[in-house]
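Have a look at protein04.txt below; it lists compact mmCIF, C-alpha atoms and all ligand atoms.
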```txt
# COMPACT_ATOMS: atom_id res chain seq x y z
CA MET V 1 0.00 0.00 0.00
CA ASN V 2 1.53 3.28 -1.10
CA GLY V 3 1.13 5.94 1.58
CA PHE V 4 0.82 8.49 -1.23
CA ARG V 5 -2.83 9.36 -1.81
CA TRP V 6 -5.18 12.24 -2.49
CA GLN V 7 -8.00 12.31 0.05
CA PRO V 8 -11.14 14.19 -1.07
CA GLU V 9 -12.73 16.50 1.52
CA ALA V 10 -15.46 18.48 -0.27
CA THR V 11 -16.73 19.34 -3.72
CA ASP V 12 -18.54 22.38 -5.15
CA GLY V 13 -19.60 21.65 -8.73
CA ALA V 14 -16.53 20.24 -10.46
CA ALA V 15 -14.21 21.92 -7.93
CA ARG V 16 -12.61 19.73 -5.21
CA ALA V 17 -10.92 20.33 -1.88
CA GLY V 18 -8.80 17.64 -0.29
CA HIS V 19 -5.44 16.61 1.15
CA LEU V 20 -2.40 15.19 -0.63
CA HIS V 21 -0.64 12.69 1.68
CA THR V 22 3.04 12.18 0.81
CA ALA V 23 6.27 10.84 2.34
CA HIS V 24 7.24 14.46 3.04
CA GLY V 25 4.01 15.65 4.64
CA VAL V 26 0.38 16.50 3.90
CA VAL V 27 -0.64 19.36 1.58
CA ALA V 28 -4.14 20.87 1.35
CA THR V 29 -5.53 21.08 -2.18
CA PRO V 30 -6.18 22.97 -4.34
CA THR V 31 -2.54 24.00 -4.07
CA PHE V 32 -0.17 26.37 -5.85
CA MET V 33 3.46 25.20 -6.11
CA PRO V 34 6.12 27.95 -6.14
CA VAL V 35 8.70 27.22 -8.83
CA GLY V 36 12.13 26.40 -7.37
CA THR V 37 13.81 25.74 -10.70
CA ALA V 38 17.51 25.34 -9.75
CA GLY V 39 16.94 24.31 -6.14
CA THR V 40 15.85 27.75 -5.03
CA VAL V 41 12.66 29.78 -5.21
CA LYS V 42 14.39 32.85 -6.59
CA ALA V 43 14.85 35.73 -4.08
CA MET V 44 13.31 33.67 -1.26
CA THR V 45 14.69 31.67 1.67
CA MET V 46 12.87 28.43 2.38
CA ASP V 47 11.55 29.92 5.63
CA SER V 48 10.04 32.81 3.69
CA VAL V 49 8.54 30.35 1.19
CA ARG V 50 7.02 28.42 4.10
CA SER V 51 5.69 31.64 5.64
CA THR V 52 3.68 32.38 2.47
CA GLY V 53 1.65 29.23 3.14
CA ALA V 54 3.22 27.11 0.38
CA GLY V 55 3.19 23.37 1.08
CA ILE V 56 4.96 21.91 -1.96
CA VAL V 57 7.56 23.38 -4.33
CA LEU V 58 8.67 22.49 -7.85
CA GLY V 59 12.19 21.68 -9.04
CA ASN V 60 13.47 21.11 -12.56
CA THR V 61 15.39 18.10 -13.85
CA TYR V 62 16.77 20.13 -16.78
CA HIS V 63 18.40 22.85 -14.66
CA LEU V 64 19.65 20.59 -11.85
CA MET V 65 21.18 17.99 -14.21
CA LEU V 66 23.19 20.77 -15.86
CA ARG V 67 24.15 22.48 -12.62
CA PRO V 68 25.17 21.26 -10.03
CA GLY V 69 24.46 17.80 -11.55
CA ALA V 70 22.08 15.10 -10.30
CA GLU V 71 24.89 12.88 -8.96
CA ARG V 72 26.21 15.78 -6.90
CA VAL V 73 22.77 16.55 -5.37
CA GLN V 74 22.36 12.85 -4.58
CA ALA V 75 25.80 12.69 -2.95
CA LEU V 76 24.77 15.66 -0.80
CA GLY V 77 21.66 13.88 0.45
CA GLY V 78 19.05 14.78 -2.16
CA LEU V 79 17.16 17.97 -3.01
CA HIS V 80 15.23 18.23 0.28
CA ARG V 81 18.43 18.46 2.27
CA PHE V 82 20.29 20.42 -0.41
CA MET V 83 17.72 23.24 -0.37
CA ASP V 84 16.54 22.62 3.21
CA TRP V 85 12.92 22.12 2.19
CA PRO V 86 11.45 19.25 4.27
CA GLY V 87 8.05 19.37 2.51
CA PRO V 88 7.11 17.57 -0.71
CA ILE V 89 8.94 18.47 -3.92
CA LEU V 90 7.59 17.83 -7.44
CA THR V 91 10.21 17.75 -10.19
CA ASP V 92 9.40 18.35 -13.83
CA SER V 93 10.98 15.87 -16.21
CA GLY V 94 13.00 18.14 -18.47
CA GLY V 95 11.38 17.76 -21.89
CA PHE V 96 9.51 21.03 -21.74
CA GLN V 97 12.58 22.92 -20.52
CA VAL V 98 14.78 21.48 -23.27
CA MET V 99 12.27 22.66 -25.88
CA SER V 100 12.06 26.12 -24.32
CA LEU V 101 15.65 26.56 -23.11
CA GLY V 102 18.05 24.06 -24.69
CA ALA V 103 20.39 25.87 -27.07
CA LEU V 104 20.26 23.28 -29.85
CA ARG V 105 18.28 20.08 -29.65
CA LYS V 106 17.59 16.96 -31.67
CA LEU V 107 14.43 15.02 -30.88
CA ASP V 108 14.23 11.35 -31.85
CA SER V 109 11.87 8.54 -30.90
CA ASP V 110 14.18 7.47 -28.08
CA GLY V 111 14.76 10.85 -26.41
CA VAL V 112 16.30 14.26 -26.93
CA THR V 113 19.90 15.38 -27.34
CA PHE V 114 20.61 19.01 -26.52
CA GLN V 115 23.23 21.59 -25.76
CA SER V 116 23.27 23.23 -22.34
CA HIS V 117 22.10 26.87 -22.42
CA ILE V 118 24.74 27.44 -19.71
CA ASP V 119 27.97 26.26 -21.34
CA GLY V 120 27.00 24.57 -24.59
CA SER V 121 27.91 21.09 -23.32
CA ARG V 122 26.00 18.19 -24.90
CA HIS V 123 23.47 16.16 -22.93
CA ARG V 124 20.80 13.55 -23.60
CA LEU V 125 17.49 12.90 -21.88
CA THR V 126 15.40 9.77 -22.30
CA PRO V 127 12.44 8.57 -20.22
CA GLU V 128 14.83 6.31 -18.31
CA ARG V 129 17.49 8.99 -17.68
CA SER V 130 14.90 11.62 -16.66
CA THR V 131 13.29 9.19 -14.20
CA GLU V 132 16.72 8.19 -12.83
CA ILE V 133 17.68 11.85 -12.34
CA GLN V 134 14.42 12.53 -10.47
CA HIS V 135 15.22 9.59 -8.21
CA MET V 136 18.70 10.96 -7.54
CA LEU V 137 17.06 14.25 -6.56
CA ASP V 138 14.73 12.27 -4.26
CA ALA V 139 11.68 14.00 -5.77
CA THR V 140 8.47 13.24 -3.87
CA ILE V 141 6.51 13.45 -7.13
CA THR V 142 8.25 12.41 -10.35
CA MET V 143 6.90 13.57 -13.73
CA CYS V 144 6.89 11.41 -16.83
CA PHE V 145 9.32 12.40 -19.58
CA ASP V 146 7.14 13.95 -22.27
CA GLU V 147 7.20 16.18 -25.32
CA CYS V 148 5.17 19.38 -25.22
CA PRO V 149 4.36 20.43 -28.80
CA ALA V 150 4.40 24.14 -29.66
CA LEU V 151 0.98 25.47 -30.65
CA PRO V 152 -0.46 26.14 -33.18
CA ALA V 153 0.34 22.88 -34.94
CA GLU V 154 -1.34 20.57 -37.43
CA THR V 155 -3.58 17.91 -35.90
CA ASP V 156 -1.46 15.06 -37.22
CA ALA V 157 1.67 16.62 -35.71
CA ILE V 158 -0.13 16.95 -32.35
CA ALA V 159 -1.27 13.32 -32.62
CA ALA V 160 2.22 12.05 -33.42
CA SER V 161 3.71 14.06 -30.56
CA MET V 162 1.08 12.84 -28.09
CA ARG V 163 1.63 9.20 -29.11
CA LEU V 164 5.38 9.62 -28.67
CA SER V 165 4.73 11.02 -25.18
CA MET V 166 2.48 8.05 -24.38
CA ARG V 167 5.27 5.62 -25.39
CA TRP V 168 7.63 7.66 -23.22
CA ALA V 169 5.10 7.52 -20.36
CA ALA V 170 5.19 3.71 -20.45
CA ARG V 171 9.00 3.75 -20.39
CA SER V 172 9.00 6.34 -17.60
CA ARG V 173 6.67 4.13 -15.55
CA GLU V 174 8.89 1.11 -16.20
CA ALA V 175 11.91 3.04 -14.91
CA PHE V 176 10.08 4.40 -11.84
CA VAL V 177 11.05 2.84 -8.49
CA ALA V 178 7.95 2.75 -6.28
CA ARG V 179 8.53 3.94 -2.70
CA ASP V 180 6.02 4.48 0.08
CA GLY V 181 4.67 8.04 0.01
CA TYR V 182 6.23 8.79 -3.40
CA ALA V 183 4.38 9.22 -6.70
CA GLN V 184 4.76 9.43 -10.44
CA TYR V 185 2.34 11.48 -12.55
CA GLY V 186 1.41 10.82 -16.17
CA ILE V 187 1.08 13.89 -18.39
CA VAL V 188 -1.95 14.15 -20.70
CA GLN V 189 -1.14 15.62 -24.10
CA GLY V 190 -3.14 16.14 -27.30
CA GLY V 191 -3.15 19.91 -27.87
CA THR V 192 -6.68 21.32 -27.99
CA GLU V 193 -8.12 18.28 -29.82
CA PRO V 194 -10.79 16.51 -27.70
CA GLN V 195 -10.30 13.09 -29.33
CA LEU V 196 -6.52 13.22 -28.92
CA ARG V 197 -6.88 14.29 -25.29
CA ALA V 198 -9.30 11.39 -24.67
CA GLU V 199 -6.88 8.93 -26.33
CA SER V 200 -4.07 10.27 -24.13
CA VAL V 201 -6.10 9.91 -20.90
CA ARG V 202 -6.96 6.32 -21.84
CA ALA V 203 -3.32 5.51 -22.59
CA LEU V 204 -2.16 6.90 -19.23
CA THR V 205 -4.90 5.32 -17.11
CA ASP V 206 -4.14 1.97 -18.79
CA ILE V 207 -0.55 2.33 -17.53
CA GLY V 208 -1.72 3.59 -14.11
CA PHE V 209 -0.14 6.48 -12.17
CA GLU V 210 -0.55 8.00 -8.68
CA GLY V 211 -1.61 11.29 -10.26
CA TYR V 212 -2.28 12.84 -13.65
CA ALA V 213 -1.10 16.16 -15.09
CA ILE V 214 -2.47 18.09 -18.03
CA GLY V 215 0.41 19.26 -20.20
CA GLY V 216 0.55 20.93 -23.57
CA LEU V 217 -1.36 24.01 -22.42
CA ALA V 218 -0.41 27.55 -21.37
CA VAL V 219 1.69 27.65 -24.53
CA GLY V 220 -0.11 30.55 -26.20
CA GLU V 221 -3.52 29.00 -26.88
CA GLY V 222 -5.26 31.60 -24.72
CA GLN V 223 -7.53 31.18 -21.69
CA ALA V 224 -10.74 30.38 -23.58
CA LEU V 225 -9.17 27.49 -25.53
CA MET V 226 -7.38 26.30 -22.37
CA PHE V 227 -10.67 26.22 -20.42
CA GLN V 228 -12.45 24.56 -23.35
CA THR V 229 -9.77 21.85 -23.39
CA LEU V 230 -10.16 21.36 -19.62
CA ASP V 231 -13.95 21.05 -20.05
CA GLY V 232 -13.43 18.16 -22.44
CA THR V 233 -10.51 16.48 -20.67
CA VAL V 234 -10.89 16.72 -16.87
CA PRO V 235 -14.16 14.73 -16.70
CA LEU V 236 -12.34 11.79 -18.36
CA MET V 237 -9.59 11.74 -15.71
CA PRO V 238 -9.73 9.49 -12.62
CA ALA V 239 -11.76 11.30 -9.94
CA ASP V 240 -9.82 9.73 -7.05
CA LYS V 241 -6.38 10.90 -8.19
CA PRO V 242 -4.81 14.40 -8.04
CA ARG V 243 -4.98 16.52 -11.19
CA TYR V 244 -2.13 18.94 -11.96
CA LEU V 245 -2.36 21.65 -14.64
CA MET V 246 1.22 22.42 -15.68
CA GLY V 247 2.51 25.98 -15.98
CA VAL V 248 -0.71 27.74 -14.98
CA GLY V 249 -1.26 30.63 -14.34
CA THR V 250 -2.72 33.99 -13.45
CA PRO V 251 -5.07 34.18 -10.43
CA ASP V 252 -7.99 34.20 -12.87
CA ASP V 253 -6.59 31.08 -14.60
CA LEU V 254 -6.29 29.35 -11.21
CA LEU V 255 -9.90 30.19 -10.29
CA GLY V 256 -11.36 28.98 -13.57
CA SER V 257 -9.24 25.82 -13.55
CA VAL V 258 -10.13 24.88 -9.96
CA MET V 259 -13.78 25.31 -10.95
CA ARG V 260 -13.11 22.76 -13.72
CA GLY V 261 -11.65 20.18 -11.35
CA ILE V 262 -7.91 20.94 -11.14
CA ASP V 263 -6.11 20.39 -7.80
CA MET V 264 -2.48 21.44 -8.39
CA PHE V 265 -0.72 24.28 -10.21
CA ASP V 266 2.73 25.71 -10.83
CA CYS V 267 3.65 28.97 -12.53
CA VAL V 268 6.62 31.36 -12.61
CA MET V 269 4.35 34.43 -12.80
CA PRO V 270 4.33 35.40 -9.10
CA THR V 271 8.10 34.95 -8.74
CA ARG V 272 9.17 36.31 -12.15
CA SER V 273 6.82 39.30 -11.77
CA GLY V 274 8.13 39.88 -8.25
CA ARG V 275 11.55 40.50 -9.79
CA THR V 276 10.18 42.89 -12.42
CA ALA V 277 8.19 45.14 -10.05
CA ARG V 278 4.77 43.70 -11.02
CA ALA V 279 2.55 43.17 -7.99
CA TYR V 280 -0.40 40.75 -7.88
CA THR V 281 -3.22 41.91 -5.58
CA GLY V 282 -6.93 41.47 -4.96
CA PHE V 283 -7.50 44.59 -7.08
CA GLY V 284 -5.44 43.41 -10.04
CA THR V 285 -1.79 43.97 -10.84
CA LEU V 286 0.26 47.11 -10.63
CA ASN V 287 3.76 48.13 -11.69
CA LEU V 288 5.67 49.53 -8.74
CA ARG V 289 8.18 51.27 -11.00
CA ASN V 290 5.41 53.65 -12.04
CA ALA V 291 6.07 57.22 -10.83
CA ARG V 292 2.60 57.49 -9.27
CA HIS V 293 3.83 55.34 -6.37
CA ALA V 294 6.78 57.62 -5.52
CA LEU V 295 5.07 59.41 -2.62
CA ASP V 296 2.37 56.88 -1.75
CA PRO V 297 2.61 56.05 1.98
CA ARG V 298 -0.04 53.30 1.80
CA PRO V 299 0.81 49.59 2.01
CA LEU V 300 0.80 47.73 -1.30
CA GLU V 301 -2.28 45.76 -0.22
CA ALA V 302 -4.27 46.46 2.94
CA GLY V 303 -4.84 43.28 4.91
CA CYS V 304 -1.97 41.34 3.33
CA PRO V 305 0.19 39.76 6.11
CA CYS V 306 3.46 39.77 4.12
CA PRO V 307 6.46 41.94 5.20
CA ALA V 308 6.16 44.17 2.11
CA CYS V 309 2.60 45.14 3.12
CA THR V 310 2.91 45.12 6.93
CA ARG V 311 6.22 47.00 7.22
CA HIS V 312 6.62 49.16 4.13
CA SER V 313 4.89 51.65 1.85
CA ARG V 314 4.38 51.65 -1.89
CA ALA V 315 6.81 54.58 -1.98
CA TYR V 316 9.51 52.45 -0.39
CA LEU V 317 8.94 49.54 -2.80
CA HIS V 318 8.98 52.04 -5.69
CA HIS V 319 12.31 53.40 -4.42
CA LEU V 320 13.83 49.91 -4.10
CA PHE V 321 13.01 49.06 -7.70
CA ARG V 322 14.10 52.46 -9.05
CA ALA V 323 17.39 52.04 -7.13
CA ASP V 324 17.72 48.44 -8.36
CA GLU V 325 18.07 47.29 -4.75
CA ILE V 326 18.01 43.49 -4.12
CA LEU V 327 15.40 43.97 -1.39
CA GLY V 328 12.86 45.04 -4.02
CA PRO V 329 12.59 41.63 -5.75
CA MET V 330 12.82 39.90 -2.36
CA LEU V 331 9.87 41.78 -0.85
CA LEU V 332 7.68 41.72 -3.94
CA THR V 333 8.30 38.01 -4.61
CA TRP V 334 7.35 37.40 -0.98
CA HIS V 335 4.17 39.44 -1.50
CA ASN V 336 3.18 37.80 -4.80
CA LEU V 337 3.63 34.27 -3.44
CA THR V 338 1.66 35.27 -0.33
CA TYR V 339 -1.11 36.62 -2.55
CA TYR V 340 -1.22 33.42 -4.65
CA GLN V 341 -1.47 31.30 -1.48
CA ARG V 342 -4.24 33.55 -0.12
CA VAL V 343 -6.17 33.14 -3.37
CA MET V 344 -5.85 29.34 -3.11
CA GLN V 345 -6.82 29.36 0.59
CA GLY V 346 -9.86 31.55 -0.14
CA ILE V 347 -10.95 29.26 -2.97
CA ARG V 348 -10.45 26.19 -0.80
CA THR V 349 -12.56 27.66 2.04
CA ALA V 350 -15.28 28.61 -0.45
CA ILE V 351 -15.38 25.00 -1.71
CA LEU V 352 -15.67 23.70 1.87
CA GLU V 353 -18.57 26.12 2.39
CA THR V 354 -20.12 25.37 -1.03
CA ARG V 355 -20.04 29.02 -2.06
CA LEU V 356 -17.36 28.96 -4.78
CA GLY V 357 -19.71 30.56 -7.33
CA ALA V 358 -20.28 33.61 -5.15
CA HIS V 359 -16.58 33.74 -4.20
CA ALA V 360 -15.61 33.69 -7.87
CA ILE V 361 -17.81 36.72 -8.54
CA GLU V 362 -16.18 38.59 -5.62
CA LEU V 363 -12.66 37.74 -6.81
CA ARG V 364 -13.32 38.79 -10.40
CA ALA V 365 -14.98 42.05 -9.27
CA GLY V 366 -11.90 42.85 -7.19
CA TRP V 367 -9.48 42.18 -10.04
CA ALA V 368 -11.60 44.32 -12.38
CA ALA V 369 -11.94 47.19 -9.90
CA GLY V 370 -8.28 48.18 -10.08
CA ASP V 371 -6.26 50.11 -7.49
CA PRO V 372 -8.61 51.60 -4.81
C1 LIG L 401 4.07 28.08 -18.78
N1 LIG L 401 3.33 27.10 -19.55
C2 LIG L 401 3.65 25.79 -19.46
N2 LIG L 401 3.06 24.86 -20.22
C3 LIG L 401 3.64 23.69 -19.90
C4 LIG L 401 3.46 22.39 -20.41
C5 LIG L 401 4.27 21.35 -19.93
C6 LIG L 401 4.16 20.01 -20.48
O1 LIG L 401 3.37 19.73 -21.39
N3 LIG L 401 5.00 19.05 -19.97
C7 LIG L 401 5.89 19.32 -18.97
N4 LIG L 401 6.67 18.31 -18.54
N5 LIG L 401 6.02 20.54 -18.42
C8 LIG L 401 5.24 21.58 -18.91
C9 LIG L 401 5.41 22.90 -18.38
C10 LIG L 401 6.42 23.22 -17.29
C11 LIG L 401 5.70 23.32 -15.96
N6 LIG L 401 6.57 23.80 -14.92
C12 LIG L 401 4.61 23.93 -18.91
N7 LIG L 401 4.59 25.28 -18.64
```
Using the file provided, produce a representation of the structure as structure tokens.
Ligand SMILES: CNc1nc2cc3c(=O)[nH]c(N)nc3c(CCN)c2[nH]1
Amino acid sequence: MNGFRWQPEATDGAARAGHLHTAHGVVATPTFMPVGTAGTVKAMTMDSVRSTGAGIVLGNTYHLMLRPGAERVQALGGLHRFMDWPGPILTDSGGFQVMSLGALRKLDSDGVTFQSHIDGSRHRLTPERSTEIQHMLDATITMCFDECPALPAETDAIAASMRLSMRWAARSREAFVARDGYAQYGIVQGGTEPQLRAESVRALTDIGFEGYAIGGLAVGEGQALMFQTLDGTVPLMPADKPRYLMGVGTPDDLLGSVMRGIDMFDCVMPTRSGRTARAYTGFGTLNLRNARHALDPRPLEAGCPCPACTRHSRAYLHHLFRADEILGPMLLTWHNLTYYQRVMQGIRTAILETRLGAHAIELRAGWAAGDP
């Protein structure tokens, strides 16, 4: 019996609230995973990540295999000890990052050969090597090695890519070493084609995984087409297993996707925006470099418990970014991650109280209202 399981707690329409039980602790769902690409959530200590309310973070096979190297992380006790994060860690499998970062790459039916974007050195990833690397990292949740096709693409190209990913999913599962409290997730592909998505779900559930991700989205298709694809795909996925929508998204994306049955998310927006002076708040986003903040003594967001909002003014944050001070990205990343966790906690509470519809209207009204 694998101690890893998703335990449902409440539903509201297609939305679900529950708990993910893992070898590294329990996480309430729906959950947002801060991206810790190279073993660090950029500009944050792990204590500050924990203080935002995050329960699980994401790491990347691609970045860690290039630097410092999977063998080195393993020799140092694995990624939990390396980055001092005792909670669960989900690692992505590298295929997506090679396609979006690898300098030069050659894809074949067995895997992908690529040059490091760091130093140009040559590397190869296959389902077996990706799974082995994730084991060396001691990832709590291992992702299948897949291929994420760029959209738009011809239907037959999407079909061929999805079928390659399904063959790679079988090889990834074969290479996976089951351990109590650990999991491997299959990744559904198929672009925005309902029949291809259905074929991919069938292929993955025939193999059998502890959780299922939806890949191949948030690649420029737009929110409407993403939601339409979720509407046709999520109902086909096992109801008793966690569902993870990869690379998503804005607060509005999170809300709409939870309402369609998604439990887990990751996205670089709150952290990347935190470094570029873009703040996420209940009244939408604002750019703290804008001169209108120069003399504003108010907190960024009233009621937010983060250090940026409880100890500083908008004028101070504006100054930090204008002066290119390191504290600027630190404080605003802290705020954005806190805001994302507060959105998830508010959605989760609304599901428990069966009032997600009303809560959604309140959230959207706030985002549309703009800066008070
Ligand atoms: C930002 N948009 C986005 N779409 C993704 C699709 C996949 C996808 O189809 N497969 C994998 N393995 N990762 C993806 C990621 C990376 C998630 N951290 C995606 N990110």
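In this structure, CA of Gly328 in chain V sits 25.6 Å away from atom N1 of ligand LIG 401 (chain L).
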Excluding same-chain residues fewer than 6 positions from range 121-131 of chain V, what lies within 10 Å of it counting all atoms listed in the file, as a ChimeraX atom specification?
/V:61-62,65-66,91-95,98,102-115,137,139,142-146,165,167-177,184
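Nearest-residue note for ligand LIG 401 (chain L): choosing from V:Gly215, V:Met166, V:Asn2, V:Val188, the minimum distance belongs to V:Gly215, counting all atoms listed in the file.
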Who sits within 8 Å of Tyr340 in chain V, only C-alpha atoms, same chain under 4 positions skipped, as JSON, numbers by chain:
{"V": [32, 251, 270, 336, 344]}
Show which residues sit within 12 Å of Pro68 in chain V, as a VMD selection string. Count all atoms listed in the file, and ignore same-chain residues fewer than 6 positions away.
chain V and resid 38 to 39 60 to 62 74 to 76 78 to 79 82 118 137
Do you know which residues are within 10 Å of ligand LIG 401 (chain L) using only C-alpha atoms and all ligand atoms? Can you write them as a PDB file with C-alpha atoms, in the frame of the given file?
```
ATOM      1  CA  MET V  33       3.460  25.200  -6.110  1.00  0.00           C
ATOM      2  CA  PRO V  34       6.120  27.950  -6.140  1.00  0.00           C
ATOM      3  CA  VAL V  35       8.700  27.220  -8.830  1.00  0.00           C
ATOM      4  CA  GLY V  36      12.130  26.400  -7.370  1.00  0.00           C
ATOM      5  CA  THR V  37      13.810  25.740 -10.700  1.00  0.00           C
ATOM      6  CA  LEU V  58       8.670  22.490  -7.850  1.00  0.00           C
ATOM      7  CA  GLY V  59      12.190  21.680  -9.040  1.00  0.00           C
ATOM      8  CA  ASN V  60      13.470  21.110 -12.560  1.00  0.00           C
ATOM      9  CA  THR V  61      15.390  18.100 -13.850  1.00  0.00           C
ATOM     10  CA  LEU V  90       7.590  17.830  -7.440  1.00  0.00           C
ATOM     11  CA  THR V  91      10.210  17.750 -10.190  1.00  0.00           C
ATOM     12  CA  ASP V  92       9.400  18.350 -13.830  1.00  0.00           C
ATOM     13  CA  SER V  93      10.980  15.870 -16.210  1.00  0.00           C
ATOM     14  CA  GLY V  94      13.000  18.140 -18.470  1.00  0.00           C
ATOM     15  CA  GLY V  95      11.380  17.760 -21.890  1.00  0.00           C
ATOM     16  CA  PHE V  96       9.510  21.030 -21.740  1.00  0.00           C
ATOM     17  CA  GLN V  97      12.580  22.920 -20.520  1.00  0.00           C
ATOM     18  CA  VAL V  98      14.780  21.480 -23.270  1.00  0.00           C
ATOM     19  CA  MET V  99      12.270  22.660 -25.880  1.00  0.00           C
ATOM     20  CA  SER V 100      12.060  26.120 -24.320  1.00  0.00           C
ATOM     21  CA  MET V 143       6.900  13.570 -13.730  1.00  0.00           C
ATOM     22  CA  CYS V 144       6.890  11.410 -16.830  1.00  0.00           C
ATOM     23  CA  PHE V 145       9.320  12.400 -19.580  1.00  0.00           C
ATOM     24  CA  ASP V 146       7.140  13.950 -22.270  1.00  0.00           C
ATOM     25  CA  GLU V 147       7.200  16.180 -25.320  1.00  0.00           C
ATOM     26  CA  CYS V 148       5.170  19.380 -25.220  1.00  0.00           C
ATOM     27  CA  PRO V 149       4.360  20.430 -28.800  1.00  0.00           C
ATOM     28  CA  ALA V 150       4.400  24.140 -29.660  1.00  0.00           C
ATOM     29  CA  MET V 162       1.080  12.840 -28.090  1.00  0.00           C
ATOM     30  CA  SER V 165       4.730  11.020 -25.180  1.00  0.00           C
ATOM     31  CA  GLY V 186       1.410  10.820 -16.170  1.00  0.00           C
ATOM     32  CA  ILE V 187       1.080  13.890 -18.390  1.00  0.00           C
ATOM     33  CA  VAL V 188      -1.950  14.150 -20.700  1.00  0.00           C
ATOM     34  CA  GLN V 189      -1.140  15.620 -24.100  1.00  0.00           C
ATOM     35  CA  GLY V 190      -3.140  16.140 -27.300  1.00  0.00           C
ATOM     36  CA  GLY V 191      -3.150  19.910 -27.870  1.00  0.00           C
ATOM     37  CA  ALA V 213      -1.100  16.160 -15.090  1.00  0.00           C
ATOM     38  CA  ILE V 214      -2.470  18.090 -18.030  1.00  0.00           C
ATOM     39  CA  GLY V 215       0.410  19.260 -20.200  1.00  0.00           C
ATOM     40  CA  GLY V 216       0.550  20.930 -23.570  1.00  0.00           C
ATOM     41  CA  LEU V 217      -1.360  24.010 -22.420  1.00  0.00           C
ATOM     42  CA  ALA V 218      -0.410  27.550 -21.370  1.00  0.00           C
ATOM     43  CA  VAL V 219       1.690  27.650 -24.530  1.00  0.00           C
ATOM     44  CA  GLY V 220      -0.110  30.550 -26.200  1.00  0.00           C
ATOM     45  CA  TYR V 244      -2.130  18.940 -11.960  1.00  0.00           C
ATOM     46  CA  LEU V 245      -2.360  21.650 -14.640  1.00  0.00           C
ATOM     47  CA  MET V 246       1.220  22.420 -15.680  1.00  0.00           C
ATOM     48  CA  GLY V 247       2.510  25.980 -15.980  1.00  0.00           C
ATOM     49  CA  VAL V 248      -0.710  27.740 -14.980  1.00  0.00           C
ATOM     50  CA  GLY V 249      -1.260  30.630 -14.340  1.00  0.00           C
ATOM     51  CA  PHE V 265      -0.720  24.280 -10.210  1.00  0.00           C
ATOM     52  CA  ASP V 266       2.730  25.710 -10.830  1.00  0.00           C
ATOM     53  CA  CYS V 267       3.650  28.970 -12.530  1.00  0.00           C
ATOM     54  CA  VAL V 268       6.620  31.360 -12.610  1.00  0.00           C
ATOM     55  CA  MET V 269       4.350  34.430 -12.800  1.00  0.00           C
TER      56      MET V 269
END
```
Among the residues V:Ala365, V:Ala291, V:Val26, V:Leu300, the one that comes closest to Ser313 in chain V [using only C-alpha atoms]
V:Leu300
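Between CA of Leu151 in chain V and CA of Asp252 in chain V the interatomic distance comes to 21.7 Å.
Distance check against Thr285 in chain V using all atoms listed in the file: of V:Glu353, V:Glu132, V:Glu71, V:Asp371, the minimum falls on V:Asp371.
Taking CA of Gly284 in chain V and CA of Gly346 in chain V as the two end points, the separation is 16.1 Å.
Considering the residues V:Gln345, V:Thr140, V:Thr229, V:Thr338 and counting all atoms listed in the file, Thr52 in chain V has its shortest atom-to-atom contact with V:Thr338.
Of the listed residues (V:Gly69, V:Pro86, V:Pro194, V:Gly55), V:Gly69 comes nearest to Ile133 in chain V; the distances count all atoms listed in the file.
Shortest separation to Ala368 in chain V among V:Leu327, V:Leu332, V:Leu337, V:Phe283 occurs at residue V:Phe283, atoms counted being only C-alpha atoms.
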At a cut-off of 12 Å around the point (-14.6, 39.3, -4.2) (file coordinates), what residues fall inside when counting all atoms listed in the file? I'd like the answer as a list in words.
Leu255, Thr281, Gly282, Phe283, Gly284, Val343, Gly346, Ile347, Ala350, Arg355, Leu356, Gly357, Ala358, His359, Ala360, Ile361, Glu362, Leu363, Arg364, Ala365, Gly366, Trp367, Ala368 and Ala369 of chain V
Show me the residues close to (-12.0, 17.1, -21.1) - anything with an atom within 10 Å, counting only C-alpha atoms - and format the list as a PyMOL selection string.
chain V and resi 192-195+197-198+201+227-237+260
